[in-house]
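Chemist: This is final.pdb, which holds PDB, C-alpha atoms and all ligand atoms:
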ATOM      1  CA  MET A 216     -39.088   1.652  57.257
ATOM      2  CA  PRO A 217     -36.789   3.381  59.791
ATOM      3  CA  GLU A 218     -36.256   7.127  60.140
ATOM      4  CA  PRO A 219     -35.708   9.200  56.979
ATOM      5  CA  ARG A 220     -32.065   9.703  56.040
ATOM      6  CA  LYS A 221     -32.651  13.412  56.147
ATOM      7  CA  SER A 222     -35.504  14.794  58.188
ATOM      8  CA  ARG A 223     -37.477  17.827  57.102
ATOM      9  CA  GLN A 224     -36.434  21.221  58.397
ATOM     10  CA  ILE A 225     -38.865  24.076  58.871
ATOM     11  CA  PRO A 226     -37.922  26.648  56.196
ATOM     12  CA  LEU A 227     -36.127  29.619  57.733
ATOM     13  CA  GLU A 228     -38.595  31.993  56.106
ATOM     14  CA  LEU A 229     -41.432  30.212  57.878
ATOM     15  CA  VAL A 230     -39.572  30.337  61.205
ATOM     16  CA  VAL A 231     -39.144  34.104  60.826
ATOM     17  CA  LEU A 232     -42.745  34.751  59.802
ATOM     18  CA  GLN A 233     -44.129  32.501  62.523
ATOM     19  CA  SER A 234     -42.189  34.378  65.163
ATOM     20  CA  LEU A 235     -43.149  37.784  63.741
ATOM     21  CA  ASN A 236     -46.782  36.767  63.521
ATOM     22  CA  SER A 237     -46.800  36.282  67.307
ATOM     23  CA  ARG A 238     -44.955  39.543  67.945
ATOM     24  CA  MET A 239     -46.557  42.031  65.558
ATOM     25  CA  THR A 240     -49.234  42.536  62.926
ATOM     26  CA  LEU A 241     -47.867  41.237  59.647
ATOM     27  CA  SER A 242     -48.301  43.203  56.432
ATOM     28  CA  ASP A 243     -50.866  41.677  54.055
ATOM     29  CA  GLN A 244     -48.131  40.354  51.813
ATOM     30  CA  ASP A 245     -46.189  38.806  54.703
ATOM     31  CA  TRP A 246     -49.361  37.268  56.053
ATOM     32  CA  LYS A 247     -50.189  35.672  52.689
ATOM     33  CA  ASN A 248     -46.667  34.400  52.478
ATOM     34  CA  TYR A 249     -46.784  33.035  56.004
ATOM     35  CA  PHE A 250     -50.076  31.295  55.385
ATOM     36  CA  SER A 251     -48.926  29.624  52.183
ATOM     37  CA  LEU A 252     -45.568  28.527  53.640
ATOM     38  CA  ALA A 253     -47.222  27.130  56.751
ATOM     39  CA  LYS A 254     -49.827  25.320  54.685
ATOM     40  CA  GLY A 255     -47.210  23.888  52.331
ATOM     41  CA  PHE A 256     -45.060  22.707  55.215
ATOM     42  CA  GLU A 257     -48.044  21.101  56.922
ATOM     43  CA  GLY A 258     -48.743  19.119  53.737
ATOM     44  CA  GLU A 259     -45.132  17.952  53.489
ATOM     45  CA  VAL A 260     -45.174  16.772  57.100
ATOM     46  CA  LYS A 261     -48.400  14.890  56.403
ATOM     47  CA  PHE A 262     -46.717  13.113  53.513
ATOM     48  CA  ASP A 263     -43.700  12.320  55.729
ATOM     49  CA  GLN A 264     -46.031  10.404  58.002
ATOM     50  CA  LEU A 265     -46.979   8.228  55.027
ATOM     51  CA  THR A 266     -43.420   7.578  53.860
ATOM     52  CA  GLY A 267     -42.556   6.821  57.488
ATOM     53  CA  LYS A 268     -44.821   3.785  57.208
ATOM     54  CA  LEU A 269     -43.226   2.361  54.045
ATOM     55  CA  GLU A 270     -42.172  -1.214  54.599
ATOM     56  CA  SER A 271     -40.059  -1.769  51.495
ATOM     57  CA  GLU A 272     -36.292  -1.321  51.573
ATOM     58  CA  CYS A 273     -35.722   2.256  50.482
ATOM     59  CA  ILE A 274     -34.029   5.480  51.531
ATOM     60  CA  VAL A 275     -36.180   8.547  52.148
ATOM     61  CA  ILE A 276     -34.645  12.014  51.911
ATOM     62  CA  ASN A 277     -36.885  14.904  52.889
ATOM     63  CA  GLY A 278     -36.462  18.402  51.502
ATOM     64  CA  LEU A 279     -33.553  18.981  49.149
ATOM     65  CA  LEU A 280     -32.565  22.227  47.504
ATOM     66  CA  LEU A 281     -30.171  21.400  44.691
ATOM     67  CA  LYS A 282     -28.462  23.358  41.982
ATOM     68  CA  ILE A 283     -27.319  22.568  38.489
ATOM     69  CA  ASP A 284     -25.836  25.073  36.036
ATOM     70  CA  ASN A 285     -26.869  27.883  38.371
ATOM     71  CA  HIS A 286     -30.503  26.783  38.437
ATOM     72  CA  PHE A 287     -31.982  25.954  41.816
ATOM     73  CA  PHE A 288     -34.526  23.214  42.172
ATOM     74  CA  GLN A 289     -36.302  21.875  45.181
ATOM     75  CA  ILE A 290     -37.605  18.373  45.804
ATOM     76  CA  ASP A 291     -39.960  17.730  48.689
ATOM     77  CA  THR A 292     -39.233  14.026  48.982
ATOM     78  CA  VAL A 293     -36.740  11.712  47.295
ATOM     79  CA  ILE A 294     -37.228   7.965  47.706
ATOM     80  CA  ILE A 295     -34.418   5.718  46.539
ATOM     81  CA  PHE A 296     -35.345   2.164  45.587
ATOM     82  CA  GLN A 297     -33.074  -0.448  44.039
ATOM     83  CA  LYS A 298     -33.575   0.588  40.429
ATOM     84  CA  THR A 299     -35.737   3.663  40.565
ATOM     85  CA  ILE A 300     -35.671   7.014  42.281
ATOM     86  CA  TYR A 301     -39.014   8.595  43.059
ATOM     87  CA  LEU A 302     -39.235  12.367  43.246
ATOM     88  CA  VAL A 303     -42.344  13.636  44.983
ATOM     89  CA  ASP A 304     -43.711  17.139  45.098
ATOM     90  CA  VAL A 305     -46.449  17.615  47.688
ATOM     91  CA  LYS A 306     -49.184  20.231  47.393
ATOM     92  CA  ASN A 307     -51.605  21.019  50.187
ATOM     93  CA  TYR A 308     -54.141  22.993  48.139
ATOM     94  CA  GLU A 309     -57.613  23.037  49.566
ATOM     95  CA  GLY A 310     -60.988  23.919  48.053
ATOM     96  CA  ASP A 311     -62.370  23.800  44.517
ATOM     97  CA  TYR A 312     -60.079  24.395  41.585
ATOM     98  CA  GLU A 313     -60.609  24.318  37.891
ATOM     99  CA  PHE A 314     -57.876  22.996  35.679
ATOM    100  CA  GLU A 315     -57.059  25.299  32.782
ATOM    101  CA  SER A 316     -54.204  24.785  30.359
ATOM    102  CA  LYS A 317     -51.023  25.279  32.390
ATOM    103  CA  ASN A 318     -52.931  26.841  35.297
ATOM    104  CA  LEU A 319     -55.162  26.007  38.217
ATOM    105  CA  LYS A 320     -57.924  28.455  38.989
ATOM    106  CA  HIS A 321     -59.402  28.703  42.458
ATOM    107  CA  ILE A 322     -63.110  28.808  41.712
ATOM    108  CA  LYS A 323     -64.209  30.979  44.641
ATOM    109  CA  THR A 324     -61.481  33.632  44.524
ATOM    110  CA  GLY A 325     -60.491  33.403  40.865
ATOM    111  CA  LYS A 326     -56.864  33.191  41.933
ATOM    112  CA  ILE A 327     -54.632  31.561  39.338
ATOM    113  CA  ILE A 328     -51.776  29.240  40.257
ATOM    114  CA  LYS A 329     -49.332  27.812  37.744
ATOM    115  CA  ASP A 330     -49.844  24.090  37.294
ATOM    116  CA  PRO A 331     -47.276  22.627  39.693
ATOM    117  CA  TYR A 332     -46.841  19.628  37.409
ATOM    118  CA  ILE A 333     -44.947  21.826  34.949
ATOM    119  CA  GLN A 334     -42.549  22.838  37.698
ATOM    120  CA  LEU A 335     -42.148  19.194  38.702
ATOM    121  CA  GLN A 336     -41.213  18.195  35.161
ATOM    122  CA  ARG A 337     -38.529  20.873  35.205
ATOM    123  CA  CYS A 338     -37.192  19.440  38.479
ATOM    124  CA  GLU A 339     -37.212  15.950  37.067
ATOM    125  CA  THR A 340     -35.160  16.998  34.059
ATOM    126  CA  MET A 341     -32.615  18.756  36.243
ATOM    127  CA  PHE A 342     -32.428  15.840  38.646
ATOM    128  CA  ARG A 343     -31.718  13.423  35.786
ATOM    129  CA  GLN A 344     -29.009  15.731  34.563
ATOM    130  CA  LEU A 345     -27.491  15.890  38.049
ATOM    131  CA  LEU A 346     -27.516  12.093  38.381
ATOM    132  CA  GLN A 347     -25.774  11.778  35.066
ATOM    133  CA  GLU A 348     -23.098  14.247  36.118
ATOM    134  CA  LEU A 349     -22.607  12.331  39.356
ATOM    135  CA  GLY A 350     -22.248   9.122  37.332
ATOM    136  CA  PHE A 351     -25.310   7.279  38.596
ATOM    137  CA  HIS A 352     -27.746   5.354  36.431
ATOM    138  CA  PHE A 353     -31.254   5.059  37.776
ATOM    139  CA  ASN A 354     -34.769   5.304  36.451
ATOM    140  CA  VAL A 355     -36.342   8.493  37.695
ATOM    141  CA  GLU A 356     -40.079   8.881  38.205
ATOM    142  CA  ALA A 357     -41.641  12.106  39.414
ATOM    143  CA  TYR A 358     -45.025  12.390  41.105
ATOM    144  CA  LEU A 359     -47.166  15.281  42.159
ATOM    145  CA  VAL A 360     -49.184  14.448  45.259
ATOM    146  CA  TYR A 361     -52.197  16.556  46.235
ATOM    147  CA  ILE A 362     -52.395  15.656  49.903
ATOM    148  CA  ASN A 363     -55.392  17.647  51.137
ATOM    149  CA  SER A 364     -58.596  15.592  51.226
ATOM    150  CA  GLU A 365     -60.595  18.843  50.902
ATOM    151  CA  LEU A 366     -59.352  19.420  47.358
ATOM    152  CA  THR A 367     -61.509  19.042  44.284
ATOM    153  CA  MET A 368     -59.948  19.570  40.877
ATOM    154  CA  TYR A 369     -62.445  19.991  38.064
ATOM    155  CA  GLN A 370     -61.459  19.076  34.528
ATOM    156  CA  ALA A 371     -58.128  17.621  35.553
ATOM    157  CA  PRO A 372     -56.601  15.666  32.693
ATOM    158  CA  GLN A 373     -55.763  12.025  33.340
ATOM    159  CA  ASN A 374     -52.137  11.877  34.330
ATOM    160  CA  PRO A 375     -50.673   8.838  36.101
ATOM    161  CA  SER A 376     -47.957  11.081  37.596
ATOM    162  CA  VAL A 377     -50.490  13.219  39.441
ATOM    163  CA  ILE A 378     -51.878  11.645  42.602
ATOM    164  CA  PHE A 379     -55.136  13.038  43.973
ATOM    165  CA  PRO A 380     -56.211  12.600  47.612
ATOM    166  CA  THR A 381     -58.438   9.638  46.773
ATOM    167  CA  GLN A 382     -55.495   7.875  45.107
ATOM    168  CA  ILE A 383     -52.874   8.305  47.834
ATOM    169  CA  VAL A 384     -53.554   5.039  49.635
ATOM    170  CA  ARG A 385     -53.122   3.114  46.401
ATOM    171  CA  PHE A 386     -50.005   5.104  45.532
ATOM    172  CA  MET A 387     -48.389   4.194  48.848
ATOM    173  CA  GLN A 388     -49.396   0.543  48.359
ATOM    174  CA  THR A 389     -47.689   0.579  44.976
ATOM    175  CA  LEU A 390     -44.505   1.926  46.550
ATOM    176  CA  ASN A 391     -44.680  -0.807  49.160
ATOM    177  CA  LYS A 392     -44.835  -3.522  46.520
ATOM    178  CA  ILE A 393     -41.724  -2.446  44.622
ATOM    179  CA  PRO A 394     -39.236  -5.326  44.758
ATOM    180  CA  THR A 395     -36.073  -3.709  46.039
ATOM    181  CA  LYS A 396     -32.734  -4.519  47.646
ATOM    182  CA  LEU A 397     -30.301  -1.745  48.480
ATOM    183  CA  ASN A 398     -26.520  -1.831  48.551
ATOM    184  CA  SER A 399     -23.656   0.529  49.376
ATOM    185  CA  GLY A 400     -24.086   2.297  46.022
ATOM    186  CA  HIS A 401     -27.515   3.507  47.082
ATOM    187  CA  GLU A 402     -26.113   4.665  50.412
ATOM    188  CA  LYS A 403     -23.386   6.541  48.608
ATOM    189  CA  LEU A 404     -25.894   8.289  46.360
ATOM    190  CA  ALA A 405     -28.042   9.257  49.362
ATOM    191  CA  ASP A 406     -25.037  10.712  51.201
ATOM    192  CA  LEU A 407     -23.966  12.567  48.087
ATOM    193  CA  LEU A 408     -27.400  14.115  47.529
ATOM    194  CA  ILE A 409     -27.586  15.216  51.158
ATOM    195  CA  SER A 410     -24.115  16.739  50.916
ATOM    196  CA  LEU A 411     -25.277  18.751  47.898
ATOM    197  CA  ASP A 412     -28.303  20.147  49.728
ATOM    198  CA  LEU A 413     -28.145  23.919  49.836
ATOM    199  CA  GLY A 414     -30.513  24.228  52.787
ATOM    200  CA  ASP A 415     -32.840  27.152  52.609
ATOM    201  CA  TYR A 416     -34.371  28.824  49.611
ATOM    202  CA  PRO A 417     -33.702  32.541  49.349
ATOM    203  CA  PHE A 418     -36.647  34.413  50.920
ATOM    204  CA  THR A 419     -39.599  35.173  48.644
ATOM    205  CA  ALA A 420     -39.562  38.703  50.014
ATOM    206  CA  LYS A 421     -37.886  40.243  53.029
ATOM    207  CA  PRO A 422     -40.551  40.519  55.733
ATOM    208  CA  ASP A 423     -41.275  44.048  56.882
ATOM    209  CA  TYR A 424     -40.180  44.430  60.538
ATOM    210  CA  ASP A 425     -37.756  46.060  62.937
ATOM    211  CA  TYR A 426     -36.803  45.564  66.575
ATOM    212  CA  ASP A 427     -38.864  48.425  67.986
ATOM    213  CA  ARG A 428     -42.079  47.239  66.378
ATOM    214  CA  THR A 429     -41.918  43.727  67.813
ATOM    215  CA  ILE A 430     -43.548  42.790  71.131
ATOM    216  CA  LYS A 431     -40.892  41.552  73.548
ATOM    217  CA  GLY A 432     -41.274  38.389  75.565
ATOM    218  CA  VAL A 433     -40.629  34.655  75.456
ATOM    219  CA  LEU A 434     -42.690  32.574  73.032
ATOM    220  CA  SER A 435     -43.630  29.034  73.945
ATOM    221  CA  ALA A 436     -42.453  26.108  71.842
ATOM    222  CA  CYS A 437     -45.899  24.475  72.047
ATOM    223  CA  CYS A 438     -48.224  27.258  70.840
ATOM    224  CA  HIS A 439     -45.910  30.132  69.799
ATOM    225  CA  GLN A 440     -47.691  32.247  72.404
ATOM    226  CA  PHE A 441     -46.166  34.401  75.102
ATOM    227  CA  MET A 442     -45.100  32.813  78.366
ATOM    228  CA  GLU A 443     -45.470  34.095  81.902
ATOM    229  CA  ALA A 444     -43.122  33.565  84.837
ATOM    230  CA  ASP A 445     -43.937  30.786  87.262
ATOM    231  CA  GLY A 446     -41.480  31.372  90.075
ATOM    232  CA  ASP A 447     -37.817  31.946  89.254
ATOM    233  CA  THR A 448     -37.016  28.781  87.350
ATOM    234  CA  LYS A 449     -40.086  28.125  85.222
ATOM    235  CA  LEU A 450     -42.201  29.801  82.550
ATOM    236  CA  ARG A 451     -45.710  28.834  81.565
ATOM    237  CA  CYS A 452     -47.410  29.055  78.146
ATOM    238  CA  CYS A 453     -50.237  31.585  78.444
ATOM    239  CA  LYS A 454     -52.350  29.591  76.017
ATOM    240  CA  CYS A 455     -52.084  25.950  77.086
ATOM    241  CA  GLY A 456     -50.324  26.232  80.442
ATOM    242  CA  LEU A 457     -47.423  23.955  79.521
ATOM    243  CA  GLU A 458     -44.300  24.729  81.554
ATOM    244  CA  ASP A 459     -40.740  25.105  80.409
ATOM    245  CA  SER A 460     -37.533  25.751  82.329
ATOM    246  CA  VAL A 461     -36.292  29.326  82.186
ATOM    247  CA  GLU A 462     -33.019  28.079  80.744
ATOM    248  CA  SER A 463     -34.479  26.232  77.748
ATOM    249  CA  ALA A 464     -36.960  29.065  77.126
ATOM    250  CA  VAL A 465     -34.219  31.701  77.170
ATOM    251  CA  ILE A 466     -32.028  29.668  74.813
ATOM    252  CA  ARG A 467     -34.955  29.357  72.420
ATOM    253  CA  CYS A 468     -35.513  33.095  72.704
ATOM    254  CA  VAL A 469     -31.833  33.822  71.997
ATOM    255  CA  GLU A 470     -31.924  31.634  68.886
ATOM    256  CA  GLU A 471     -35.017  33.502  67.701
ATOM    257  CA  PHE A 472     -33.296  36.837  68.384
ATOM    258  CA  LYS A 473     -30.279  35.750  66.343
ATOM    259  CA  ILE A 474     -32.455  34.718  63.396
ATOM    260  CA  LEU A 475     -34.580  37.883  63.449
ATOM    261  CA  PHE A 476     -31.786  40.349  64.165
ATOM    262  CA  PRO A 477     -28.520  38.896  62.881
ATOM    263  CA  GLU A 478     -26.995  42.388  62.956
ATOM    264  CA  ARG A 479     -27.525  42.747  66.732
ATOM    265  CA  ARG A 480     -25.123  41.410  69.313
ATOM    266  CA  VAL A 481     -26.254  38.899  71.911
ATOM    267  CA  THR A 482     -25.523  40.625  75.213
ATOM    268  CA  THR A 483     -27.019  40.192  78.676
ATOM    269  CA  ASN A 484     -28.839  43.524  78.333
ATOM    270  CA  ALA A 485     -30.121  42.770  74.832
ATOM    271  CA  ILE A 486     -31.521  39.380  75.853
ATOM    272  CA  TYR A 487     -32.900  40.790  79.101
ATOM    273  CA  ASP A 488     -34.824  43.367  77.064
ATOM    274  CA  TRP A 489     -35.865  40.826  74.445
ATOM    275  CA  CYS A 490     -37.117  38.166  76.907
ATOM    276  CA  LYS A 491     -38.766  40.762  79.126
ATOM    277  CA  VAL A 492     -40.448  38.171  81.351
ATOM    278  CA  VAL A 493     -37.249  36.954  83.072
ATOM    279  CA  ARG A 494     -36.825  39.329  86.000
ATOM    280  CA  SER A 495     -33.200  38.689  86.886
ATOM    281  CA  LYS A 496     -30.350  39.896  84.675
ATOM    282  CA  ARG A 497     -28.106  37.576  86.611
ATOM    283  CA  THR A 498     -30.146  34.562  85.453
ATOM    284  CA  ILE A 499     -29.829  35.701  81.836
ATOM    285  CA  ARG A 500     -26.075  36.154  82.218
ATOM    286  CA  ARG A 501     -25.671  32.724  83.789
ATOM    287  CA  ILE A 502     -27.619  31.054  80.957
ATOM    288  CA  LEU A 503     -25.625  32.896  78.289
ATOM    289  CA  GLN A 504     -22.316  32.034  79.971
ATOM    290  CA  LYS A 505     -23.270  28.399  80.219
ATOM    291  CA  ASN A 506     -24.541  27.938  76.668
ATOM    292  CA  TYR A 507     -22.588  30.384  74.516
ATOM    293  CA  ARG A 508     -19.025  31.469  74.008
ATOM    294  CA  VAL A 509     -18.153  34.858  75.414
ATOM    295  CA  CYS A 510     -16.335  37.438  73.256
ATOM    296  CA  GLY A 511     -14.817  40.689  74.499
ATOM    297  CA  LYS A 512     -14.523  41.820  78.069
ATOM    298  CA  GLY A 513     -16.541  43.441  80.843
ATOM    299  CA  LYS A 514     -19.184  45.895  79.710
ATOM    300  CA  TYR A 515     -18.545  45.173  76.030
ATOM    301  CA  CYS A 516     -18.771  41.410  76.098
ATOM    302  CA  TYR A 517     -21.217  39.536  73.906
ATOM    303  CA  TYR A 518     -22.027  35.910  73.184
ATOM    304  CA  VAL A 519     -21.799  33.733  70.096
TER     305      VAL A 519
HETATM  306 ZN    ZN B 601     -48.779  26.192  74.756
END
Translate the structure described by the file into structure tokens.

Modeler:
Amino acid sequence: MPEPRKSRQIPLELVVLQSLNSRMTLSDQDWKNYFSLAKGFEGEVKFDQLTGKLESECIVINGLLLKIDNHFFQIDTVIIFQKTIYLVDVKNYEGDYEFESKNLKHIKTGKIIKDPYIQLQRCETMFRQLLQELGFHFNVEAYLVYINSELTMYQAPQNPSVIFPTQIVRFMQTLNKIPTKLNSGHEKLADLLISLDLGDYPFTAKPDYDYDRTIKGVLSACCHQFMEADGDTKLRCCKCGLEDSVESAVIRCVEEFKILFPERRVTTNAIYDWCKVVRSKRTIRRILQKNYRVCGKGKYCYYV
């Protein structure tokens, strides 16, 4: 199967926490949040690799946040076949869990998680309702996929809609065998669903940070570690040594600055202070002028 119709975006909350984690010590709560978002995202990407190998004619849409009657619902993966739409929720839980009614209990820590299957059923109901409102008639099947091979779930009830790690290969084979032929109606539905995507979920909690508490510098794209100057035109990742041009590194750093501090203006001085490792203000100015639109004049100009 070719590329997904909509590729998966890293959640904004994860982008923020990942950047902060490299630049400061996160609060316990933020760290927990970061860990669980990163883990969840990793699981979704793992599942994307499997859907990327599907050979049957289908449309894959990754990561939708939809809304009906003021209720948000999120679907990790939507797969459109000729007659049936598959909704898949992916969980990357790891370790030993015990299934209790409506909850999963982590055996070692005693931590309780709500059974994600209940949440999935809620999504399925809302998705059906949305389809009906849009005037489409499809079968809808929802599946919960536990992707992490290090998961053991004791006392799990038999449920054909819940796919455990040892069942994933078979599940994908089943999807591959679905007889299916798509037409323009399916394309239309896919486009419509993507147009209804609301993008990012509101943050679980606002991370605790401010400009003064963050360590300044340029983070590498490869390892999210600080970079050091290598001459005037290149920067090098302090962890793995991979090089990047100053221009692409500064642009990345500006984008990070804008996400972390939307209330601050992008000026030559601000970015010079934020990047720290680029020695020439003139270089910063040139990169900003080339890649952004200038607003205001002289000393008071900034970039958007
Ligand atoms: Zn690196």

Chemist: Would you mind telling me which residue in A:Arg500, A:Phe441, A:Ser495, A:Cys516 lies nearest to ligand ZN 601 (chain B) when using only C-alpha atoms and all ligand atoms?

Modeler: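 Looking at the shortest contact to ligand ZN 601 (chain B), the residue is A:Phe441.
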
Chemist: So what does the PyMOL selection byres (((chain A and resi 279-286) around 12) and not hetatm) actually pick up in this one, as a PyMOL selection string?

Modeler: chain A and resi 220-224+226+275-278+287-294+302-304+337-349+405+407-417

Chemist: Which residues come within 12 Å of Ala436 in chain A, counting only C-alpha atoms, excluding same-chain residues fewer than 5 positions away, as a PyMOL selection string?

Modeler: chain A and resi 230+233-234+237+441-442+450-460+463-468+471

Chemist: CA of Asn363 in chain A and CA of Trp246 in chain A are how many Å apart?

Modeler: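 Between CA of Asn363 in chain A and CA of Trp246 in chain A the gap is 21.1 Å.
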
Chemist: First collect every listed atom of range 255-265 of chain A; then fit an axis-aligned box around them, widen it by 6 Å on each side, and give centre and edge lengths in Å to one decimal, as AutoDock Vina command-line options.

Modeler:
--center_x -46.2 --center_y 16.1 --center_z 55.2 --size_x 17.0 --size_y 27.7 --size_z 17.7

Chemist: Taking the file as shown, find all residues satisfying the PyMOL selection byres (((chain A and resi 330-334) around 12) and not hetatm) and write them as a PyMOL selection string.

Modeler: chain A and resi 287-290+303-308+312-321+327-329+335-341+357-361+368+371-372+374-378

Chemist: Quick one: pull the distance between CA of Asp427 in chain A and CA of Thr448 in chain A, Å, one decimal.

Modeler: 27.6 Å

Chemist: Once the PyMOL selection byres (((chain A and resi 263-267) around 8) and not hetatm) is applied to the coordinates I shared, what remains selected? I want it as a list in words.

Modeler: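 Here the PyMOL selection byres (((chain A and resi 263-267) around 8) and not hetatm) matches Met216, Pro217, Glu218, Pro219, Glu259, Val260, Lys261, Phe262, Lys268, Leu269, Val275, Asn277 and Met387 of chain A.
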
Chemist: Distance CA of Thr482 in chain A-CA of Tyr518 in chain A, one decimal place?

Modeler: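 Separation of CA of Thr482 in chain A and CA of Tyr518 in chain A: 6.2 Å.
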
Chemist: Given the choices A:Asn236, A:Val509, A:Leu503, A:Cys438, which gets closest to ligand ZN 601 (chain B) if the distance is worked out from only C-alpha atoms and all ligand atoms?

Modeler: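 Checking each candidate against ligand ZN 601 (chain B), we get A:Cys438 as the closest.
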
Chemist: Could you check the closest approach to His439 in chain A for each of A:Arg501, A:Phe256, A:Glu270, A:Leu235 and tell me which residue wins, using only C-alpha atoms?

Modeler: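 Once distances to His439 in chain A are computed over only C-alpha atoms, the minimum belongs to A:Leu235.
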
Chemist: Name the residues in contact with Asn484 in chain A at a cut-off of 9 Å, using only C-alpha atoms, excluding same-chain residues fewer than 2 positions from it; report them as a compact mmCIF listing (two decimals) with C-alpha atoms, keeping the file's coordinate frame.

Modeler:
# COMPACT_ATOMS: atom_id res chain seq x y z
CA VAL A 481 -26.25 38.90 71.91
CA THR A 482 -25.52 40.62 75.21
CA ILE A 486 -31.52 39.38 75.85
CA TYR A 487 -32.90 40.79 79.10
CA ASP A 488 -34.82 43.37 77.06
CA TRP A 489 -35.86 40.83 74.44
CA LYS A 496 -30.35 39.90 84.68
CA ILE A 499 -29.83 35.70 81.84
CA ARG A 500 -26.08 36.15 82.22

Chemist: Point out the residue among A:Glu228, A:Thr367, A:Asp423, A:Lys298 with the least atom-to-atom distance to Ile393 in chain A, counting all atoms listed in the file.

Modeler: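 Closest to Ile393 in chain A, using all atoms listed in the file: A:Lys298.
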
Chemist: Please determine, counting only C-alpha atoms, which residue among A:Thr498, A:Thr483, A:Thr419, A:Thr389 has the shortest atom-to-atom distance to Lys449 in chain A.

Modeler: A:Thr498

Chemist: Can you list, as a VMD selection string, every protein, DNA or RNA residue that comes within 9 Å of Glu272 in chain A when you count all atoms listed in the file, leaving out same-chain residues fewer than 3 positions away?

Modeler: chain A and resid 216 269 295 to 297 391 393 to 397

Chemist: Using only C-alpha atoms and all ligand atoms, can you tell me which of A:Glu478, A:Asp245, A:Glu443, A:Glu462 comes closest to ligand ZN 601 (chain B)?

Modeler: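 Once distances to ligand ZN 601 (chain B) are computed over only C-alpha atoms and all ligand atoms, the minimum belongs to A:Glu443.
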